[in-house]
>>> print(open('structure25.txt').read())   # compact mmCIF, C-alpha atoms and all ligand atoms
# COMPACT_ATOMS: atom_id res chain seq x y z
CA VAL A 97 133.12 88.50 60.74
CA VAL A 98 131.25 86.74 63.54
CA ILE A 99 128.46 84.41 62.46
CA LEU A 100 125.81 83.16 64.86
CA ALA A 101 124.15 79.91 63.71
CA LEU A 102 120.98 78.62 65.39
CA ASP A 103 119.18 75.29 65.02
CA PHE A 104 115.63 75.03 66.38
CA GLY A 105 114.99 71.26 66.14
CA GLY A 106 111.79 69.55 67.28
CA THR A 107 113.22 68.55 70.65
CA LYS A 108 116.74 69.95 70.54
CA LEU A 109 118.17 73.44 70.36
CA ALA A 110 121.71 74.22 69.24
CA ALA A 111 123.75 77.35 68.71
CA ALA A 112 127.22 77.91 67.28
CA VAL A 113 129.46 80.89 66.69
CA VAL A 114 132.13 80.98 64.00
CA GLU A 115 134.67 83.72 63.61
CA GLY A 116 137.02 84.50 60.74
CA ASN A 117 137.35 81.94 57.96
CA ASP A 118 137.88 78.75 59.92
CA ARG A 119 135.25 76.24 58.76
CA LYS A 120 136.89 72.96 59.75
CA GLN A 121 134.87 72.24 62.82
CA LEU A 122 132.30 73.83 65.08
CA GLN A 123 134.56 74.98 67.87
CA SER A 124 132.14 76.93 69.93
CA CYS A 125 128.79 75.25 70.10
CA ARG A 126 126.11 74.83 72.77
CA ARG A 127 123.20 72.42 72.85
CA ALA A 128 120.10 72.09 75.01
CA PHE A 129 116.96 70.00 75.06
CA SER A 130 113.63 71.67 74.65
CA PRO A 131 111.79 71.08 77.98
CA PRO A 132 108.79 68.67 78.02
CA ASN A 133 106.10 71.38 77.89
CA ALA A 134 108.07 73.70 75.64
CA ASN A 135 106.40 76.45 73.67
CA ALA A 136 107.77 79.02 71.24
CA ARG A 137 108.51 81.47 74.05
CA THR A 138 110.54 79.02 76.17
CA ASP A 139 112.46 77.78 73.11
CA ILE A 140 113.36 81.32 72.08
CA GLU A 141 114.40 82.10 75.65
CA ILE A 142 116.69 79.04 75.86
CA MET A 143 118.19 79.82 72.46
CA ARG A 144 118.78 83.42 73.48
CA SER A 145 120.76 82.36 76.54
CA LEU A 146 122.79 79.75 74.55
CA ALA A 147 123.69 82.46 72.04
CA HIS A 148 124.65 85.03 74.65
CA GLU A 149 126.84 82.46 76.42
CA LEU A 150 128.72 81.86 73.18
CA LEU A 151 128.94 85.48 72.11
CA THR A 152 130.16 86.78 75.49
CA GLY A 153 129.21 90.32 74.61
CA THR A 154 130.40 90.27 70.98
CA GLN A 155 127.89 91.47 68.44
CA PRO A 156 127.37 89.01 65.56
CA THR A 157 127.82 90.22 61.96
CA ALA A 158 125.00 87.99 60.70
CA ILE A 159 122.68 85.27 61.99
CA GLY A 160 121.63 82.10 60.11
CA VAL A 161 118.72 80.03 61.43
CA SER A 162 117.46 76.53 60.76
CA PHE A 163 113.90 75.90 61.94
CA GLY A 164 112.24 72.47 62.21
CA GLY A 165 108.97 73.33 60.48
CA PRO A 166 107.51 75.35 57.64
CA VAL A 167 108.94 78.85 57.31
CA ASP A 168 108.29 81.78 55.00
CA ALA A 169 111.95 82.32 54.11
CA LYS A 170 111.25 85.68 52.42
CA THR A 171 110.01 87.29 55.63
CA GLY A 172 111.70 84.97 58.14
CA THR A 173 108.32 84.12 59.68
CA VAL A 174 107.73 80.69 61.14
CA ARG A 175 104.40 79.28 59.95
CA LEU A 176 104.11 76.65 62.69
CA SER A 177 105.91 73.79 64.39
CA HIS A 178 104.55 70.26 64.36
CA HIS A 179 106.40 69.54 67.62
CA VAL A 180 106.27 72.66 69.76
CA ALA A 181 103.18 74.77 70.53
CA GLY A 182 102.80 78.48 69.98
CA TRP A 183 105.00 79.01 66.92
CA GLU A 184 102.14 80.02 64.61
CA ASN A 185 103.18 83.08 62.57
CA THR A 186 106.13 83.96 64.79
CA PRO A 187 108.32 86.68 63.20
CA LEU A 188 111.53 84.88 64.22
CA ARG A 189 113.83 86.93 61.99
CA GLU A 190 112.54 90.18 63.43
CA ILE A 191 112.83 88.90 67.01
CA LEU A 192 116.46 87.86 66.49
CA GLU A 193 117.41 91.03 64.61
CA THR A 194 116.07 93.13 67.45
CA GLU A 195 117.74 91.00 70.12
CA PHE A 196 121.19 90.82 68.50
CA GLN A 197 121.21 93.97 66.35
CA ALA A 198 122.36 92.02 63.28
CA PRO A 199 120.75 90.87 60.01
CA ALA A 200 119.19 87.37 60.24
CA ILE A 201 117.90 84.80 57.77
CA VAL A 202 115.58 81.90 58.58
CA ASP A 203 114.70 78.78 56.57
CA ASN A 204 113.32 75.31 57.29
CA ASP A 205 115.69 72.59 58.44
CA ALA A 206 115.61 70.43 55.30
CA ASN A 207 116.58 73.35 53.05
CA VAL A 208 119.21 74.50 55.53
CA ALA A 209 120.71 71.02 55.97
CA ALA A 210 120.82 70.68 52.17
CA LEU A 211 122.79 73.91 52.00
CA GLY A 212 125.09 72.69 54.80
CA GLU A 213 125.87 69.42 52.99
CA TYR A 214 126.34 71.32 49.73
CA ARG A 215 128.84 73.80 51.10
CA TYR A 216 130.58 71.79 53.84
CA GLY A 217 129.60 68.12 53.53
CA ALA A 218 128.87 65.34 51.03
CA GLY A 219 127.67 67.75 48.36
CA GLN A 220 130.83 69.83 47.98
CA GLY A 221 131.59 70.37 44.31
CA TYR A 222 128.10 69.30 43.14
CA ASP A 223 125.87 72.21 42.31
CA SER A 224 122.68 70.25 41.76
CA LEU A 225 121.71 67.89 44.51
CA PHE A 226 118.82 66.70 46.59
CA TYR A 227 119.30 66.20 50.31
CA ILE A 228 116.95 63.75 52.02
CA THR A 229 116.67 63.25 55.73
CA VAL A 230 115.14 59.98 56.88
CA SER A 231 114.39 59.73 60.57
CA THR A 232 111.14 60.34 62.50
CA GLY A 233 109.83 61.93 59.31
CA ILE A 234 111.19 62.17 55.79
CA GLY A 235 111.97 65.55 54.26
CA GLY A 236 114.23 66.97 51.61
CA GLY A 237 115.85 70.10 50.25
CA TRP A 238 117.00 70.97 46.73
CA ILE A 239 120.16 72.75 45.71
CA LEU A 240 119.88 73.71 42.04
CA ASN A 241 122.64 75.65 40.28
CA GLY A 242 124.21 76.22 43.69
CA GLN A 243 121.07 77.80 45.19
CA SER A 244 118.31 76.56 47.46
CA TRP A 245 115.16 75.83 45.50
CA ARG A 246 112.25 76.40 47.88
CA GLY A 247 109.29 76.32 45.51
CA THR A 248 106.44 78.82 45.31
CA ASP A 249 105.23 78.28 48.87
CA GLY A 250 108.49 77.03 50.34
CA MET A 251 107.14 73.50 50.06
CA ALA A 252 109.60 72.05 47.51
CA GLY A 253 111.37 68.84 48.47
CA GLU A 254 108.54 67.11 50.37
CA ILE A 255 109.67 63.71 49.10
CA GLY A 256 108.28 62.04 52.24
CA HIS A 257 104.76 62.51 50.96
CA THR A 258 105.45 61.27 47.46
CA VAL A 259 103.00 58.43 46.84
CA VAL A 260 104.73 55.23 45.75
CA ASP A 261 101.90 52.79 46.52
CA PRO A 262 98.40 54.28 46.02
CA ALA A 263 96.87 51.13 47.54
CA GLY A 264 99.26 51.15 50.51
CA PRO A 265 98.64 51.95 54.18
CA VAL A 266 97.28 55.37 55.25
CA CYS A 267 99.90 58.01 56.10
CA LEU A 268 99.51 60.70 58.77
CA CYS A 269 98.92 63.19 55.94
CA GLY A 270 95.79 61.24 54.99
CA LYS A 271 97.05 59.78 51.71
CA ARG A 272 98.00 56.17 51.08
CA GLY A 273 101.42 54.69 50.44
CA CYS A 274 103.61 57.75 51.00
CA VAL A 275 107.36 57.19 51.23
CA GLU A 276 107.24 58.37 54.84
CA ARG A 277 104.55 55.80 55.63
CA LEU A 278 106.86 53.02 54.43
CA ALA A 279 110.35 54.25 55.25
CA SER A 280 110.38 56.51 58.34
CA GLY A 281 111.65 55.06 61.62
CA PRO A 282 108.35 55.04 63.57
CA TYR A 283 106.35 53.65 60.65
CA MET A 284 108.94 50.93 60.01
CA ALA A 285 108.62 49.97 63.67
CA GLN A 286 104.83 49.84 63.26
CA GLN A 287 105.14 47.64 60.14
CA ALA A 288 107.46 45.30 62.03
CA ARG A 289 105.09 45.08 65.01
CA GLU A 290 102.12 44.28 62.80
CA ARG A 291 104.01 41.52 60.96
CA LEU A 292 105.29 40.00 64.18
CA GLN A 293 101.74 39.88 65.52
CA ALA A 294 100.39 38.35 62.31
CA GLN A 295 103.23 35.82 61.93
CA PRO A 296 104.02 34.35 65.37
CA GLN A 297 106.49 31.83 63.88
CA GLN A 298 108.70 34.48 62.33
CA GLY A 299 111.03 37.27 63.47
CA ALA A 300 112.63 35.33 66.34
CA LEU A 301 115.73 37.52 66.34
CA LEU A 302 113.76 40.72 66.35
CA ARG A 303 111.61 39.47 69.24
CA HIS A 304 114.74 38.47 71.12
CA LEU A 305 116.32 41.93 70.70
CA VAL A 306 113.35 43.61 72.41
CA LYS A 307 112.78 40.75 74.88
CA SER A 308 109.33 40.21 73.28
CA ASP A 309 108.22 43.77 74.16
CA LEU A 310 107.14 44.82 70.67
CA ASN A 311 106.67 48.44 71.77
CA LYS A 312 110.45 48.68 72.11
CA ILE A 313 111.02 48.15 68.38
CA THR A 314 112.71 51.11 66.67
CA GLY A 315 114.19 51.70 63.23
CA GLN A 316 117.62 51.12 64.71
CA ILE A 317 116.66 47.76 66.22
CA ILE A 318 115.16 46.68 62.88
CA SER A 319 118.49 47.48 61.18
CA GLN A 320 120.33 45.51 63.83
CA ALA A 321 118.03 42.49 63.45
CA ALA A 322 118.30 42.63 59.65
CA GLU A 323 122.11 42.61 59.85
CA GLN A 324 121.80 39.40 61.87
CA GLY A 325 119.49 37.87 59.27
CA ASP A 326 116.02 38.32 60.81
CA ASP A 327 113.40 37.62 58.11
CA ILE A 328 110.78 40.18 59.17
CA ALA A 329 113.35 42.93 59.79
CA ILE A 330 114.81 42.34 56.32
CA GLU A 331 111.34 42.46 54.75
CA VAL A 332 110.49 45.78 56.46
CA LEU A 333 113.84 47.36 55.57
CA GLU A 334 113.59 46.18 51.98
CA THR A 335 110.12 47.71 51.67
CA ALA A 336 111.54 50.98 53.03
CA GLY A 337 114.48 50.86 50.60
CA TRP A 338 112.11 50.08 47.76
CA ALA A 339 109.82 53.03 48.61
CA LEU A 340 112.68 55.48 48.85
CA GLY A 341 114.25 54.03 45.71
CA VAL A 342 111.08 54.58 43.67
CA ALA A 343 110.83 58.18 44.91
CA ILE A 344 114.49 58.91 44.21
CA GLY A 345 114.33 57.37 40.73
CA ASN A 346 111.29 59.51 39.90
CA ALA A 347 112.93 62.64 41.31
CA ALA A 348 116.02 61.89 39.21
CA ASN A 349 113.84 61.64 36.08
CA LEU A 350 112.17 64.97 36.86
CA ILE A 351 115.14 67.12 37.86
CA ASN A 352 118.27 65.16 36.86
CA PRO A 353 120.50 66.23 39.79
CA GLN A 354 124.07 64.97 40.16
CA ARG A 355 123.68 63.63 43.67
CA PHE A 356 121.22 62.48 46.29
CA VAL A 357 122.63 62.96 49.78
CA LEU A 358 120.89 60.90 52.48
CA GLY A 359 121.02 61.90 56.13
CA GLY A 360 119.23 60.85 59.33
CA GLY A 361 119.14 57.40 60.88
CA VAL A 362 118.95 55.79 57.44
CA THR A 363 122.70 56.18 56.97
CA LYS A 364 123.05 53.42 59.55
CA ALA A 365 120.30 51.20 58.11
CA GLY A 366 122.76 48.65 56.79
CA VAL A 367 123.59 46.81 53.61
CA HIS A 368 120.11 45.35 52.84
CA PHE A 369 118.52 48.76 52.80
CA TRP A 370 121.22 50.42 50.66
CA GLU A 371 121.37 47.55 48.20
CA VAL A 372 117.61 47.67 47.52
CA LEU A 373 117.60 51.47 47.47
CA HIS A 374 120.36 51.66 44.82
CA ARG A 375 118.84 48.93 42.68
CA VAL A 376 115.27 50.27 42.71
CA ALA A 377 116.32 53.89 42.17
CA GLY A 378 118.40 52.75 39.18
CA GLN A 379 115.51 50.71 37.77
CA THR A 380 113.03 53.58 38.23
CA ALA A 381 115.17 56.21 36.54
CA LEU A 382 115.68 56.16 32.79
CA PRO A 383 118.96 54.55 31.72
CA GLU A 384 120.23 57.91 30.43
CA VAL A 385 119.63 59.62 33.80
CA ASN A 386 122.83 59.35 35.85
CA PHE A 387 123.09 60.11 39.55
CA GLU A 388 124.78 59.00 42.73
CA ILE A 389 123.21 58.28 46.11
CA VAL A 390 125.59 58.91 48.98
CA PRO A 391 125.34 59.14 52.77
CA ALA A 392 125.41 62.63 54.31
CA ALA A 393 128.65 63.73 55.94
CA LEU A 394 127.65 66.23 58.62
CA GLY A 395 125.21 64.20 60.71
CA ASP A 396 123.36 66.23 63.37
CA GLU A 397 125.48 69.26 62.56
CA ALA A 398 124.09 69.71 59.03
CA PRO A 399 121.49 72.36 60.06
CA LEU A 400 124.11 74.41 61.94
CA TRP A 401 126.55 74.28 59.02
CA GLY A 402 123.71 75.23 56.70
CA ALA A 403 122.79 78.13 58.98
CA ILE A 404 126.40 79.33 58.74
CA ALA A 405 126.16 79.11 54.93
CA LEU A 406 122.86 81.06 54.98
CA ALA A 407 124.49 83.82 57.02
CA GLU A 408 127.48 83.87 54.67
CA ASP A 409 125.16 84.33 51.70
CA LEU A 410 123.32 87.07 53.53
CA LEU A 411 126.59 88.94 54.10
CA LYS A 412 127.43 88.67 50.38
CA LEU A 413 124.08 90.31 49.59
CA GLN A 414 124.69 93.19 52.00
CA PRO A 415 126.12 96.34 50.42
ZN ZN A 501 101.97 61.23 53.60
>>> encode(input="structure25.txt", output="structure tokens", more="lines below")
Ligand SMILES: [Zn+2]
Amino acid sequence: VVILALDFGGTKLAAAVVEGNDRKQLQSCRRAFSPPNANARTDIEIMRSLAHELLTGTQPTAIGVSFGGPVDAKTGTVRLSHHVAGWENTPLREILETEFQAPAIVDNDANVAALGEYRYGAGQGYDSLFYITVSTGIGGGWILNGQSWRGTDGMAGEIGHTVVDPAGPVCLCGKRGCVERLASGPYMAQQARERLQAQPQQGALLRHLVKSDLNKITGQIISQAAEQGDDIAIEVLETAGWALGVAIGNAANLINPQRFVLGGGVTKAGVHFWEVLHRVAGQTALPEVNFEIVPAALGDEAPLWGAIALAEDLLKLQP
């Protein structure tokens, strides 16, 4: 069995090939950046050459694909990409099946990463879990009874646009007080900038870390400043932890999964963030609703591992 795993991220492309039953590490893997003016055609072309480099003439048995955007998993058609132009209604599964003469399966990156963590990462042994990725955006994927739960339109798991503060600031989706608006990296940076401008006496450490150039503030720098005790950085991180905690507590009440697995930059957000997150999630859920919140284990490789798992499942379904 030769499995080809592909990860179409927003800015990064990655391919891996696994043979036999070795699943300890990704031995043969290639990565490339999507060029500045990338479109669907150039991304597919780059991915095709990464895959052929890895396969060196071998025909894959199955292909698993993670795509960074909404996908119709039943047909393997990409609906669109929010980052790269020209993906509208691209029949990605069909394109890959024709190119590599092997069955393919395509799903969106949050679902695929959830499957990766479930089978090979922090979710091993837990057959109901919710994977959340917190970075530029906030997304999630459900594993219920050991299966991906995609929802009617493939839109399940959009925890980033759960409203936790109806009177809060406006999110890019048009609603107010979404989790993503309060806890994603770029929005945290924006919150920090606004507070620094409004409160010139505060946030000395944070200002120092960016040499007073407030445009240089990132989620990572906020975490760093909070670790060193910066008041504004702590406030912003605690708000983020609170928002995510409310959403997780509510999700726990609704679905009662065993675990929440958190990936993305948030795993490095530090002790303030995690402390508030755990406390608020616990307070939001009913006392009888038990769950754990743990950091993801696979990092950037979660979509590739999930793509391998998708291909494995596809092979099981084949006669
Ligand atoms: Zn939103």
>>> residues_around(input="structure25.txt", residues="A:Gln121", least_positions_apart="6", cutoff="10 Å", atoms="all atoms listed in the file", output="VMD selection string")
chain A and resid 114 216 397 401
>>> residues_around(input="structure25.txt", residues="A:Val202", least_positions_apart="4", cutoff="8 Å", atoms="all atoms listed in the file", output="count of residues only")
10
>>> closest_residue(input="structure25.txt", among="A:Gly281, A:Gly325, A:Gly219, A:Gly182", to="A:Leu358", atoms="only C-alpha atoms")
A:Gly219
>>> atom_distance(input="structure25.txt", atom1="atom CA of A:Trp338", atom2="atom CA of A:Val259")
12.4 Å
>>> closest_residue(input="structure25.txt", among="A:Ile142, A:Ala136, A:Ile228, A:Val97", to="A:Glu184", atoms="all atoms listed in the file")
A:Ala136
>>> residues_around(input="structure25.txt", residues="A:Val266", least_positions_apart="2", cutoff="12 Å", atoms="only C-alpha atoms", output="PyMOL selection string")
chain A and resi 257+259+261-264+268-278+283
>>> atom_distance(input="structure25.txt", atom1="atom CA of A:Arg291", atom2="atom CA of A:Ile328")
7.1 Å
>>> atom_distance(input="structure25.txt", atom1="atom CA of A:Asp168", atom2="atom CA of A:Ile201")
10.4 Å
>>> residues_around(input="structure25.txt", residues="A:Asp409", least_positions_apart="3", cutoff="12 Å", atoms="only C-alpha atoms", output="tab-separated table (two decimals) with C-alpha atoms, keeping the file's coordinate frame")
chain	number	residue	atom	x	y	z
A	99	ILE	CA	128.46	84.41	62.46
A	158	ALA	CA	125.00	87.99	60.70
A	159	ILE	CA	122.68	85.27	61.99
A	160	GLY	CA	121.63	82.10	60.11
A	199	PRO	CA	120.75	90.87	60.01
A	200	ALA	CA	119.19	87.37	60.24
A	201	ILE	CA	117.90	84.80	57.77
A	211	LEU	CA	122.79	73.91	52.00
A	215	ARG	CA	128.84	73.80	51.10
A	242	GLY	CA	124.21	76.22	43.69
A	243	GLN	CA	121.07	77.80	45.19
A	244	SER	CA	118.31	76.56	47.46
A	402	GLY	CA	123.71	75.23	56.70
A	403	ALA	CA	122.79	78.13	58.98
A	404	ILE	CA	126.40	79.33	58.74
A	405	ALA	CA	126.16	79.11	54.93
A	406	LEU	CA	122.86	81.06	54.98
A	412	LYS	CA	127.43	88.67	50.38
A	413	LEU	CA	124.08	90.31	49.59
A	414	GLN	CA	124.69	93.19	52.00
>>> closest_residue(input="structure25.txt", among="A:Glu195, A:His179, A:Leu373, A:Cys267", to="ligand ZN 501 (chain A)", atoms="only C-alpha atoms and all ligand atoms")
A:Cys267
>>> residues_near_point(input="structure25.txt", point="(103.8, 39.0, 67.5)", cutoff="12 Å", atoms="all atoms listed in the file", output="PyMOL selection string")
chain A and resi 286-300+302-304+306-311+313+328
>>> residues_around(input="structure25.txt", residues="A:Glu213", least_positions_apart="4", cutoff="12 Å", atoms="all atoms listed in the file", output="VMD selection string")
chain A and resid 205 to 209 217 to 229 236 to 239 242 244 355 to 359 390 to 405
>>> residues_near_point(input="structure25.txt", point="(110.5, 57.4, 37.9)", cutoff="8 Å", atoms="only C-alpha atoms", output="list in words")
Val342, Ala343, Ile344, Gly345, Asn346, Ala347, Ala348, Asn349, Leu350, Thr380, Ala381 and Leu382 of chain A
>>> closest_residue(input="structure25.txt", among="A:Ala322, A:Ala181, A:Val332, A:Ile351", to="A:Gly366", atoms="all atoms listed in the file")
A:Ala322
>>> closest_residue(input="structure25.txt", among="A:Gly250, A:Pro131, A:Gly256, A:Gly165", to="ligand ZN 501 (chain A)", atoms="all atoms listed in the file")
A:Gly256
>>> closest_residue(input="structure25.txt", among="A:Glu254, A:Glu371, A:Arg137, A:Arg144", to="ligand ZN 501 (chain A)", atoms="only C-alpha atoms and all ligand atoms")
A:Glu254
>>> decode(input="structure25.txt", residues="stretch 304-315 of chain A", atoms="all heavy atoms", output="PDB file, in the first residue's frame")
ATOM      1  N   HIS A 304       7.934  47.920  24.313  1.00  0.00           N
ATOM      2  CA  HIS A 304       9.374  47.682  24.225  1.00  0.00           C
ATOM      3  C   HIS A 304       9.682  46.527  23.254  1.00  0.00           C
ATOM      4  O   HIS A 304      10.600  46.614  22.441  1.00  0.00           O
ATOM      5  CB  HIS A 304       9.927  47.386  25.618  1.00  0.00           C
ATOM      6  CG  HIS A 304      11.372  47.030  25.615  1.00  0.00           C
ATOM      7  ND1 HIS A 304      12.371  47.966  25.411  1.00  0.00           N
ATOM      8  CD2 HIS A 304      12.001  45.840  25.753  1.00  0.00           C
ATOM      9  CE1 HIS A 304      13.537  47.360  25.438  1.00  0.00           C
ATOM     10  NE2 HIS A 304      13.351  46.069  25.645  1.00  0.00           N
ATOM     11  N   LEU A 305       8.885  45.457  23.326  1.00  0.00           N
ATOM     12  CA  LEU A 305       9.140  44.279  22.486  1.00  0.00           C
ATOM     13  C   LEU A 305       9.023  44.577  20.995  1.00  0.00           C
ATOM     14  O   LEU A 305       9.635  43.908  20.163  1.00  0.00           O
ATOM     15  CB  LEU A 305       8.186  43.138  22.861  1.00  0.00           C
ATOM     16  CG  LEU A 305       8.503  42.378  24.154  1.00  0.00           C
ATOM     17  CD1 LEU A 305       7.406  41.374  24.473  1.00  0.00           C
ATOM     18  CD2 LEU A 305       9.852  41.664  24.048  1.00  0.00           C
ATOM     19  N   VAL A 306       8.197  45.569  20.633  1.00  0.00           N
ATOM     20  CA  VAL A 306       8.064  45.911  19.207  1.00  0.00           C
ATOM     21  C   VAL A 306       8.736  47.255  18.895  1.00  0.00           C
ATOM     22  O   VAL A 306       8.498  47.846  17.850  1.00  0.00           O
ATOM     23  CB  VAL A 306       6.579  45.949  18.762  1.00  0.00           C
ATOM     24  CG1 VAL A 306       5.977  44.562  18.824  1.00  0.00           C
ATOM     25  CG2 VAL A 306       5.765  46.931  19.594  1.00  0.00           C
ATOM     26  N   LYS A 307       9.566  47.714  19.831  1.00  0.00           N
ATOM     27  CA  LYS A 307      10.268  49.000  19.681  1.00  0.00           C
ATOM     28  C   LYS A 307       9.296  50.110  19.278  1.00  0.00           C
ATOM     29  O   LYS A 307       9.555  50.882  18.354  1.00  0.00           O
ATOM     30  CB  LYS A 307      11.394  48.867  18.656  1.00  0.00           C
ATOM     31  CG  LYS A 307      12.421  47.791  19.034  1.00  0.00           C
ATOM     32  CD  LYS A 307      13.677  47.888  18.164  1.00  0.00           C
ATOM     33  CE  LYS A 307      14.788  46.989  18.658  1.00  0.00           C
ATOM     34  NZ  LYS A 307      14.473  45.544  18.488  1.00  0.00           N
ATOM     35  N   SER A 308       8.138  50.119  19.965  1.00  0.00           N
ATOM     36  CA  SER A 308       7.080  51.124  19.769  1.00  0.00           C
ATOM     37  C   SER A 308       6.408  51.103  18.391  1.00  0.00           C
ATOM     38  O   SER A 308       5.594  51.963  18.093  1.00  0.00           O
ATOM     39  CB  SER A 308       7.604  52.546  20.046  1.00  0.00           C
ATOM     40  OG  SER A 308       7.973  52.634  21.403  1.00  0.00           O
ATOM     41  N   ASP A 309       6.758  50.126  17.538  1.00  0.00           N
ATOM     42  CA  ASP A 309       6.065  50.000  16.252  1.00  0.00           C
ATOM     43  C   ASP A 309       4.887  49.036  16.435  1.00  0.00           C
ATOM     44  O   ASP A 309       5.018  47.823  16.313  1.00  0.00           O
ATOM     45  CB  ASP A 309       7.040  49.478  15.194  1.00  0.00           C
ATOM     46  CG  ASP A 309       6.388  49.358  13.822  1.00  0.00           C
ATOM     47  OD1 ASP A 309       5.150  49.588  13.725  1.00  0.00           O
ATOM     48  OD2 ASP A 309       7.098  49.040  12.860  1.00  0.00           O
ATOM     49  N   LEU A 310       3.716  49.621  16.718  1.00  0.00           N
ATOM     50  CA  LEU A 310       2.561  48.809  17.113  1.00  0.00           C
ATOM     51  C   LEU A 310       2.090  47.859  16.001  1.00  0.00           C
ATOM     52  O   LEU A 310       1.414  46.879  16.264  1.00  0.00           O
ATOM     53  CB  LEU A 310       1.402  49.712  17.571  1.00  0.00           C
ATOM     54  CG  LEU A 310       1.715  50.657  18.742  1.00  0.00           C
ATOM     55  CD1 LEU A 310       0.424  51.271  19.273  1.00  0.00           C
ATOM     56  CD2 LEU A 310       2.473  49.974  19.873  1.00  0.00           C
ATOM     57  N   ASN A 311       2.474  48.175  14.747  1.00  0.00           N
ATOM     58  CA  ASN A 311       2.094  47.272  13.651  1.00  0.00           C
ATOM     59  C   ASN A 311       2.833  45.932  13.713  1.00  0.00           C
ATOM     60  O   ASN A 311       2.463  44.999  13.021  1.00  0.00           O
ATOM     61  CB  ASN A 311       2.367  47.936  12.300  1.00  0.00           C
ATOM     62  CG  ASN A 311       1.427  49.098  12.077  1.00  0.00           C
ATOM     63  OD1 ASN A 311       0.238  49.005  12.394  1.00  0.00           O
ATOM     64  ND2 ASN A 311       1.953  50.202  11.565  1.00  0.00           N
ATOM     65  N   LYS A 312       3.881  45.884  14.527  1.00  0.00           N
ATOM     66  CA  LYS A 312       4.663  44.640  14.622  1.00  0.00           C
ATOM     67  C   LYS A 312       4.080  43.663  15.652  1.00  0.00           C
ATOM     68  O   LYS A 312       4.605  42.565  15.835  1.00  0.00           O
ATOM     69  CB  LYS A 312       6.116  44.967  14.994  1.00  0.00           C
ATOM     70  CG  LYS A 312       6.892  45.683  13.893  1.00  0.00           C
ATOM     71  CD  LYS A 312       8.334  45.177  13.829  1.00  0.00           C
ATOM     72  CE  LYS A 312       9.078  45.747  12.632  1.00  0.00           C
ATOM     73  NZ  LYS A 312       9.747  47.025  12.957  1.00  0.00           N
ATOM     74  N   ILE A 313       3.023  44.085  16.336  1.00  0.00           N
ATOM     75  CA  ILE A 313       2.445  43.209  17.367  1.00  0.00           C
ATOM     76  C   ILE A 313       1.779  41.990  16.723  1.00  0.00           C
ATOM     77  O   ILE A 313       1.026  42.117  15.769  1.00  0.00           O
ATOM     78  CB  ILE A 313       1.425  43.987  18.226  1.00  0.00           C
ATOM     79  CG1 ILE A 313       2.156  45.054  19.037  1.00  0.00           C
ATOM     80  CG2 ILE A 313       0.661  43.045  19.156  1.00  0.00           C
ATOM     81  CD1 ILE A 313       1.243  45.967  19.806  1.00  0.00           C
ATOM     82  N   THR A 314       2.101  40.809  17.244  1.00  0.00           N
ATOM     83  CA  THR A 314       1.471  39.568  16.786  1.00  0.00           C
ATOM     84  C   THR A 314       0.981  38.809  18.018  1.00  0.00           C
ATOM     85  O   THR A 314       1.325  39.160  19.149  1.00  0.00           O
ATOM     86  CB  THR A 314       2.490  38.662  16.076  1.00  0.00           C
ATOM     87  OG1 THR A 314       3.539  38.351  17.018  1.00  0.00           O
ATOM     88  CG2 THR A 314       3.092  39.308  14.850  1.00  0.00           C
ATOM     89  N   GLY A 315       0.207  37.766  17.778  1.00  0.00           N
ATOM     90  CA  GLY A 315      -0.259  36.914  18.869  1.00  0.00           C
ATOM     91  C   GLY A 315       0.911  36.395  19.695  1.00  0.00           C
ATOM     92  O   GLY A 315       0.860  36.349  20.925  1.00  0.00           O
TER      93      GLY A 315
END
